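What follows is a single structure, written as structure tokens, with notes after it.
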Amino acid sequence: MKNIIKKEIPMGSKTLVLETGKIARQATASVIASMGGTVVMCAVVTKESAEGRDFFPLSVHYMEKTYSAGKIPGGYFKREGRPTEIETLTSRLIDRPLRPLFPDYYVDEVQVNCMLLSLDKENPPDVVALMAASAAMSIADVPFKGPMAAARVGFVEDEYVLNPSFADLENSDLDMVVAGTESAVLMVESDADELSEDLMIGAILFGHQEMKPVIEKINEFAKEALPKKSEFSNPNAEEDKEIYNKVSEKCSEGLSEAFTTTDKKERGQKINAVKETLLDGLTDDLHNSYLKQFKEVEKHIVRENILSEQKRIDGRGLTEVRDISVETNFLPSVHGSALFTRGETQAIVTATLGSGRDIQTVDALAGETKDNFMLHYNFPSYSVGELGFPMGPKRREIGHGALAKRSLQFAVPTVEEFPYAIRVVSEITESNGSSSMASVCGGSLAMMAAGIPIKENIAGVAMGLVKDDNRYEVLTDILGDEDHLGDMDFKVAGTKNGVSGLQMDIKIEGINEEILEKALMQAKEARMHILGEMDKVLSKPNELTGLAPYFCKFKVHKDKVKVVIGKGGSTIKGLQEEFGVTIELQDSGEVNVFGENKEVAEAAKEKIELLCAEPEVGKDYDAVVAKIMEFGAFVTFMPGKDGLLHISQFKEDFDQLTDVINEGDKVRVKVTEIRRDGKVKLEFSDSE
């Protein structure tokens, strides 16, 4: 049996506990991490690389077990199924800071499995899972340049809060996860309520500072668990250098010319032509080696152009935003729509309004919540000129959609303020850099176009970085190639007042405060420019169009709720079928009616109010004869309310009452008396 190693690590007011050697001992490395009653197991498994592999196959899988929160899964099979959106997003959250901490030459397969075993009501599991993965990777015999640590940062009552609880987050203006090594920040993920750039920088630095002691303790933990680690180096370093020089000599001129071509498609064709010339005639064993170095030469040319000459691929200045084009409500039958184009990135974004029944129920382990705002992001293959089979959303689409949603969420009115379900869908029709930020811009415009009362536009922009030793340049509104060949993808969204969403991924071993501050301030300038272009087209919400469901809200006495529902729901179902509306009824008597137009909604409202009304003495009513008796006629003058028209009320001469009145006849009556037992006496109305 392995030695059990356990370490308790103070982290603010809480304690992170790491343990190895007890569970999952056949994995390459395994760690149990806990904070309070939240417990996550991480098992890392590695496998030697296949011959000729030229990429790093790292995969991260975060799984939540419902038993961890004392629940049984829903559905017929009563067991966990495909990954939930929360599991997918947490998997991405763990992957992003781990990936840059491996050297380029390492191509062994690495699988990280994080499993939530126990969940308390205090500590969110994602940060615990991140540190479990870091600790497990640190005790696996792999060339991991960690450890790294993570911290969640909140902002409550003008103060930063380290690792806030679920309850704290409900009152926080910020929800940020920061991950990094001892020397630099690697990853940031956050949403905020229009916080300033200075406060966002402060939150990142606060989180990074608080995690440094944790990194030191994880190092101690790793040295106890793995006292001697293997030495790793690139076994093909000399061969790679030799091939690089050959590729550079043969391809530099053609690639340099290709990277002066502004059009993405034409540039790609020129690059492919140079590549095919290089690879023509090579044996299979050399093909991958030359292709790998071809990519390195590409990277060197683009980066050197930026660092030495401040020259970008499309000829823009380093802080320049591409041309922007905006159209709104260009789809005639959609509640709200926007076509947002920035350079060669384009999104069709729509906003659809629904009734309260369309509000999404989120059954998370931490508890069930209602979400009136949904945002879905789709990235079809044609947007980048490729073939592909339409499938369900993948991890990337879920991640990009979640980022856009977080950036817009703060501005969405609550159900109490605007009682509609809101669904925004972003269809990416062209992509060359930051389609998620195009979704933010288009989403803001589409909601305004639909008449959703958001105060002002929200815009987003992606920043890039090229860093080489002591030289670096921050790029505004990066292209796809600048993202691929650069060192950072830093997305910032917000209004004129502050930041609402931020996501940063670093491909090198982190960035410092100076670069972080420059990137945020440069992003602010770009965001202001984009907001200006958006405001030229639409700066305030439109009125709700006739395409959107009409909504009316009113209240009936709570004692009448049962009357509206009817036996087995028959009355409310009948009303919905009769008028073609959706009726939402609360126990308090609050009634929401959604209809295709004002006429049907108001008609349904009138019928409901009539159902709940009490008869008034002296008031006239339109009635229908329900039953003929020898002593008079019973008539229905209100829904569910009958009264007697005594035979003495009929002045005509007749042998029998049916000579002058029959069932189904319409009459105008007046209430003359309401007895204690509820029976009602009627007479013909003078206005009949």
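Going through the structure tokens in order, the chains are called A, B, and so on, while each chain numbers its residues from 1 and the ligands are numbered from 1 in the order shown.
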(request) Could you please write out, as a PyMOL selection string, every residue of range 146-327 of chain A that DSSP assigns to helix (DSSP H, G or I)? (result) chain A and resi 166-170+197-225+237-258+264-279+284-309
Selection file, C-alpha atoms, as an mmCIF file, in the first residue's frame:
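Result went into out00.cif, see below:
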data_model
loop_
_atom_site.group_PDB
_atom_site.id
_atom_site.type_symbol
_atom_site.label_atom_id
_atom_site.label_comp_id
_atom_site.auth_asym_id
_atom_site.auth_seq_id
_atom_site.Cartn_x
_atom_site.Cartn_y
_atom_site.Cartn_z
ATOM 1 C CA PHE A 166 -22.754 30.318 -2.527
ATOM 2 C CA ALA A 167 -24.639 32.779 -0.288
ATOM 3 C CA ASP A 168 -21.896 35.416 -0.605
ATOM 4 C CA LEU A 169 -22.032 35.177 -4.403
ATOM 5 C CA GLU A 170 -25.728 36.113 -4.414
ATOM 6 C CA GLU A 197 -10.927 48.242 -14.991
ATOM 7 C CA ASP A 198 -9.000 49.188 -11.842
ATOM 8 C CA LEU A 199 -11.285 47.060 -9.668
ATOM 9 C CA MET A 200 -10.968 44.132 -12.099
ATOM 10 C CA ILE A 201 -7.158 44.374 -12.061
ATOM 11 C CA GLY A 202 -7.269 44.595 -8.272
ATOM 12 C CA ALA A 203 -9.398 41.440 -8.099
ATOM 13 C CA ILE A 204 -6.991 39.500 -10.317
ATOM 14 C CA LEU A 205 -3.966 40.603 -8.287
ATOM 15 C CA PHE A 206 -5.775 39.903 -5.001
ATOM 16 C CA GLY A 207 -6.611 36.371 -6.114
ATOM 17 C CA HIS A 208 -3.092 35.757 -7.385
ATOM 18 C CA GLN A 209 -1.508 37.040 -4.179
ATOM 19 C CA GLU A 210 -3.745 34.849 -2.015
ATOM 20 C CA MET A 211 -2.905 31.703 -3.969
ATOM 21 C CA LYS A 212 0.887 32.015 -3.692
ATOM 22 C CA PRO A 213 1.124 30.371 -0.213
ATOM 23 C CA VAL A 214 -1.071 27.549 -1.529
ATOM 24 C CA ILE A 215 1.328 26.953 -4.427
ATOM 25 C CA GLU A 216 4.216 26.719 -1.968
ATOM 26 C CA LYS A 217 2.344 24.089 0.075
ATOM 27 C CA ILE A 218 1.376 22.088 -3.034
ATOM 28 C CA ASN A 219 5.092 22.042 -3.896
ATOM 29 C CA GLU A 220 5.846 20.596 -0.466
ATOM 30 C CA PHE A 221 3.051 18.047 -0.904
ATOM 31 C CA ALA A 222 4.468 17.027 -4.326
ATOM 32 C CA LYS A 223 8.015 16.590 -2.981
ATOM 33 C CA GLU A 224 6.738 14.277 -0.250
ATOM 34 C CA ALA A 225 4.684 12.204 -2.671
ATOM 35 C CA ALA A 237 15.905 19.081 -30.366
ATOM 36 C CA GLU A 238 18.865 18.915 -32.769
ATOM 37 C CA GLU A 239 16.823 17.349 -35.561
ATOM 38 C CA ASP A 240 14.036 19.929 -35.063
ATOM 39 C CA LYS A 241 16.550 22.779 -35.287
ATOM 40 C CA GLU A 242 18.057 21.387 -38.473
ATOM 41 C CA ILE A 243 14.652 20.929 -40.130
ATOM 42 C CA TYR A 244 13.533 24.375 -38.951
ATOM 43 C CA ASN A 245 16.501 25.990 -40.704
ATOM 44 C CA LYS A 246 15.720 24.123 -43.936
ATOM 45 C CA VAL A 247 12.035 25.072 -43.811
ATOM 46 C CA SER A 248 12.876 28.680 -43.000
ATOM 47 C CA GLU A 249 15.269 28.945 -45.929
ATOM 48 C CA LYS A 250 12.759 27.432 -48.347
ATOM 49 C CA CYS A 251 9.498 29.001 -47.137
ATOM 50 C CA SER A 252 10.208 32.336 -45.435
ATOM 51 C CA GLU A 253 9.862 34.445 -48.555
ATOM 52 C CA GLY A 254 6.568 32.860 -49.633
ATOM 53 C CA LEU A 255 5.112 32.978 -46.126
ATOM 54 C CA SER A 256 6.174 36.598 -45.620
ATOM 55 C CA GLU A 257 4.309 37.526 -48.786
ATOM 56 C CA ALA A 258 1.251 35.467 -47.759
ATOM 57 C CA LYS A 264 -8.400 35.378 -44.907
ATOM 58 C CA LYS A 265 -9.366 32.955 -47.680
ATOM 59 C CA GLU A 266 -6.779 34.259 -50.135
ATOM 60 C CA ARG A 267 -4.114 34.257 -47.420
ATOM 61 C CA GLY A 268 -4.936 30.643 -46.593
ATOM 62 C CA GLN A 269 -4.609 29.639 -50.242
ATOM 63 C CA LYS A 270 -1.151 31.234 -50.471
ATOM 64 C CA ILE A 271 0.009 29.552 -47.263
ATOM 65 C CA ASN A 272 -1.260 26.179 -48.479
ATOM 66 C CA ALA A 273 0.586 26.623 -51.771
ATOM 67 C CA VAL A 274 3.877 27.219 -49.925
ATOM 68 C CA LYS A 275 3.172 24.230 -47.656
ATOM 69 C CA GLU A 276 2.406 21.863 -50.532
ATOM 70 C CA THR A 277 5.637 22.835 -52.285
ATOM 71 C CA LEU A 278 7.575 22.080 -49.091
ATOM 72 C CA LEU A 279 5.931 18.710 -48.405
ATOM 73 C CA ASP A 284 6.000 9.688 -44.524
ATOM 74 C CA ASP A 285 8.496 9.681 -41.654
ATOM 75 C CA LEU A 286 9.611 13.237 -42.493
ATOM 76 C CA HIS A 287 6.193 14.651 -43.347
ATOM 77 C CA ASN A 288 5.089 15.401 -39.752
ATOM 78 C CA SER A 289 8.494 16.763 -38.727
ATOM 79 C CA TYR A 290 8.572 19.226 -41.616
ATOM 80 C CA LEU A 291 4.933 20.207 -41.069
ATOM 81 C CA LYS A 292 5.623 20.920 -37.391
ATOM 82 C CA GLN A 293 8.558 23.196 -38.251
ATOM 83 C CA PHE A 294 6.555 24.856 -41.019
ATOM 84 C CA LYS A 295 4.124 26.002 -38.312
ATOM 85 C CA GLU A 296 7.046 27.273 -36.245
ATOM 86 C CA VAL A 297 8.323 29.334 -39.182
ATOM 87 C CA GLU A 298 4.811 30.760 -39.679
ATOM 88 C CA LYS A 299 4.715 31.683 -36.019
ATOM 89 C CA HIS A 300 8.161 33.327 -36.117
ATOM 90 C CA ILE A 301 7.324 35.486 -39.159
ATOM 91 C CA VAL A 302 4.029 36.793 -37.796
ATOM 92 C CA ARG A 303 5.433 37.449 -34.327
ATOM 93 C CA GLU A 304 8.610 39.143 -35.571
ATOM 94 C CA ASN A 305 6.576 41.416 -37.859
ATOM 95 C CA ILE A 306 4.564 42.537 -34.827
ATOM 96 C CA LEU A 307 7.451 42.883 -32.361
ATOM 97 C CA SER A 308 9.996 44.496 -34.691
ATOM 98 C CA GLU A 309 7.817 46.485 -37.077
#
Report as a short mmCIF file (atom, residue, chain, number, x, y, z; two decimals) with N, CA and C atoms, in the first residue's frame: the residues of range 304-363 of chain A with a DSSP assignment of strand (DSSP E), based on the backbone of this structure.
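Below you can see result-v3.cif, which holds the result:
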data_model
loop_
_atom_site.label_atom_id
_atom_site.label_comp_id
_atom_site.auth_asym_id
_atom_site.auth_seq_id
_atom_site.Cartn_x
_atom_site.Cartn_y
_atom_site.Cartn_z
N ILE A 324 -16.80 47.99 -38.69
CA ILE A 324 -18.01 47.43 -38.06
C ILE A 324 -19.24 47.81 -38.87
N SER A 325 -20.13 46.83 -39.06
CA SER A 325 -21.40 47.06 -39.73
C SER A 325 -22.51 46.46 -38.88
N VAL A 326 -23.60 47.22 -38.72
CA VAL A 326 -24.71 46.78 -37.86
C VAL A 326 -26.04 46.95 -38.60
N GLU A 327 -26.89 45.94 -38.55
CA GLU A 327 -28.28 46.03 -38.99
C GLU A 327 -29.15 45.45 -37.89
N THR A 328 -30.32 46.06 -37.69
CA THR A 328 -31.24 45.52 -36.68
C THR A 328 -32.61 45.24 -37.31
N GLY A 336 -36.83 40.06 -32.30
CA GLY A 336 -35.74 41.03 -32.38
C GLY A 336 -34.54 40.39 -33.04
N SER A 337 -33.86 41.11 -33.94
CA SER A 337 -32.71 40.51 -34.63
C SER A 337 -31.65 41.57 -34.90
N ALA A 338 -30.41 41.10 -35.00
CA ALA A 338 -29.29 41.99 -35.34
C ALA A 338 -28.29 41.21 -36.18
N LEU A 339 -27.74 41.88 -37.16
CA LEU A 339 -26.63 41.34 -37.95
C LEU A 339 -25.42 42.19 -37.60
N PHE A 340 -24.48 41.58 -36.89
CA PHE A 340 -23.28 42.31 -36.44
C PHE A 340 -22.08 41.76 -37.19
N THR A 341 -21.37 42.64 -37.89
CA THR A 341 -20.19 42.25 -38.66
C THR A 341 -19.01 43.11 -38.22
N ARG A 342 -17.92 42.46 -37.86
CA ARG A 342 -16.67 43.15 -37.54
C ARG A 342 -15.57 42.48 -38.34
N THR A 345 -15.62 38.65 -39.18
CA THR A 345 -16.40 37.94 -38.16
C THR A 345 -17.82 38.48 -38.19
N GLN A 346 -18.78 37.57 -38.26
CA GLN A 346 -20.18 37.99 -38.43
C GLN A 346 -21.11 37.07 -37.65
N ALA A 347 -22.12 37.68 -37.05
CA ALA A 347 -23.10 36.89 -36.28
C ALA A 347 -24.51 37.40 -36.55
N ILE A 348 -25.41 36.46 -36.83
CA ILE A 348 -26.85 36.75 -36.81
C ILE A 348 -27.33 36.41 -35.40
N VAL A 349 -27.83 37.42 -34.69
CA VAL A 349 -28.27 37.20 -33.31
C VAL A 349 -29.75 37.56 -33.20
N THR A 350 -30.52 36.67 -32.61
CA THR A 350 -31.96 36.88 -32.47
C THR A 350 -32.36 36.86 -31.00
N ALA A 351 -33.42 37.59 -30.69
CA ALA A 351 -33.99 37.58 -29.34
C ALA A 351 -35.45 37.18 -29.45
N THR A 352 -35.86 36.20 -28.65
CA THR A 352 -37.23 35.70 -28.66
C THR A 352 -37.82 35.81 -27.27
N LEU A 353 -39.04 36.30 -27.19
CA LEU A 353 -39.73 36.44 -25.91
C LEU A 353 -40.76 35.33 -25.74
N GLY A 354 -40.82 34.78 -24.55
CA GLY A 354 -41.78 33.72 -24.26
C GLY A 354 -42.48 33.99 -22.94
N GLN A 360 -36.41 28.65 -17.98
CA GLN A 360 -35.67 27.40 -17.81
C GLN A 360 -35.50 27.06 -16.33
N THR A 361 -35.77 25.81 -16.00
CA THR A 361 -35.51 25.30 -14.66
C THR A 361 -34.14 24.63 -14.66
N VAL A 362 -33.23 25.12 -13.82
CA VAL A 362 -31.88 24.57 -13.73
C VAL A 362 -31.80 23.72 -12.48
N ASP A 363 -31.67 22.42 -12.67
CA ASP A 363 -31.62 21.49 -11.54
C ASP A 363 -30.16 21.17 -11.23
#
Mind running range 319-352 of chain A against range 461-475 of chain A at 10 Å and telling me each contacting residue's nearest atom pair with the distance in Å (one decimal), counting only C-alpha atoms, chain and number ascending, as a Markdown table?
| residue | atom | partner | partner_atom | distance |
| --- | --- | --- | --- | --- |
| A:Thr319 | CA | A:Leu475 | CA | 6.1 |
| A:Glu320 | CA | A:Leu475 | CA | 8.4 |
| A:Val321 | CA | A:Val461 | CA | 8.9 |
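Closest to Phe418 in chain A among A:Gly36, A:Pro380, A:Gly546, A:Gly356 is A:Gly356, based on only C-alpha atoms.
Between CA of Thr545 in chain A and CA of Leu610 in chain A lies a distance of 28.8 Å.
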(message) I want to know what sits within 8 Å of Met148 in chain A, based on only C-alpha atoms, with residues of the same chain fewer than 5 positions away left out; could you give that as a PyMOL selection string?
(response) chain A and resi 97-98+131+134+179-182+215
Could you dump the residues just selected with C-alpha atoms as a PDB file, in the first residue's frame?
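This is the output file selection-v2.pdb:
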ATOM      1  CA  PRO A  97      -4.567  26.760 -16.921  1.00  0.00           C
ATOM      2  CA  LEU A  98      -3.123  23.230 -17.096  1.00  0.00           C
ATOM      3  CA  MET A 131      -6.399  22.573  -7.200  1.00  0.00           C
ATOM      4  CA  SER A 134      -2.865  20.791 -10.075  1.00  0.00           C
ATOM      5  CA  ALA A 179      -5.560  30.602 -11.748  1.00  0.00           C
ATOM      6  CA  GLY A 180      -1.809  31.007 -11.925  1.00  0.00           C
ATOM      7  CA  THR A 181       1.651  29.897 -10.953  1.00  0.00           C
ATOM      8  CA  GLU A 182       3.768  31.520  -8.273  1.00  0.00           C
ATOM      9  CA  ILE A 215       1.328  26.953  -4.427  1.00  0.00           C
TER      10      ILE A 215
END
(request) Within 6 Å of range 112-125 of chain A, counting only C-alpha atoms, which residues show up once you throw out same-chain ones fewer than 4 positions away? Write them as a PyMOL selection string, please. (result) chain A and resi 37-44+60-64+68-69+165-166
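Among the candidates A:Asn512, A:Thr429, A:Ser539, A:Ser444, the residue lying nearest to Gly494 in chain A is A:Ser444 (atoms considered: only C-alpha atoms).
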(request) Pick out the residues sitting within 10 Å of Asp559 in chain A, and hand them over as a ChimeraX atom specification; count only C-alpha atoms, and ignore anything fewer than 3 positions along from it in its own chain. (result) /A:556,562-564,587-589,612
Quick one: write out the picked residues with C-alpha atoms as an mmCIF file, in the first residue's frame?
data_model
loop_
_atom_site.group_PDB
_atom_site.id
_atom_site.type_symbol
_atom_site.label_atom_id
_atom_site.label_comp_id
_atom_site.auth_asym_id
_atom_site.auth_seq_id
_atom_site.Cartn_x
_atom_site.Cartn_y
_atom_site.Cartn_z
ATOM 1 C CA VAL A 556 -57.844 38.189 -8.203
ATOM 2 C CA LYS A 562 -59.627 27.481 -7.178
ATOM 3 C CA VAL A 563 -62.477 28.911 -9.261
ATOM 4 C CA VAL A 564 -60.075 29.902 -12.034
ATOM 5 C CA ASP A 587 -51.563 30.978 -4.981
ATOM 6 C CA SER A 588 -51.502 34.652 -3.958
ATOM 7 C CA GLY A 589 -53.960 35.473 -6.754
ATOM 8 C CA CYS A 612 -63.988 35.742 -9.924
#
(request) Write out as number ranges by chain which residues come within 12 Å of Ile359 in chain A when counting only C-alpha atoms, dropping same-chain ones fewer than 6 positions away. (result) A: 352-353, 369-374, 414-415, 419-423
(message) List the spatial neighbours of Thr582 in chain A as number ranges by chain - criterion: any atom at most 9 Å away, only C-alpha atoms, same-chain residues fewer than 4 positions off excluded.
(response) A: 355-357, 575-577, 592-595, 601
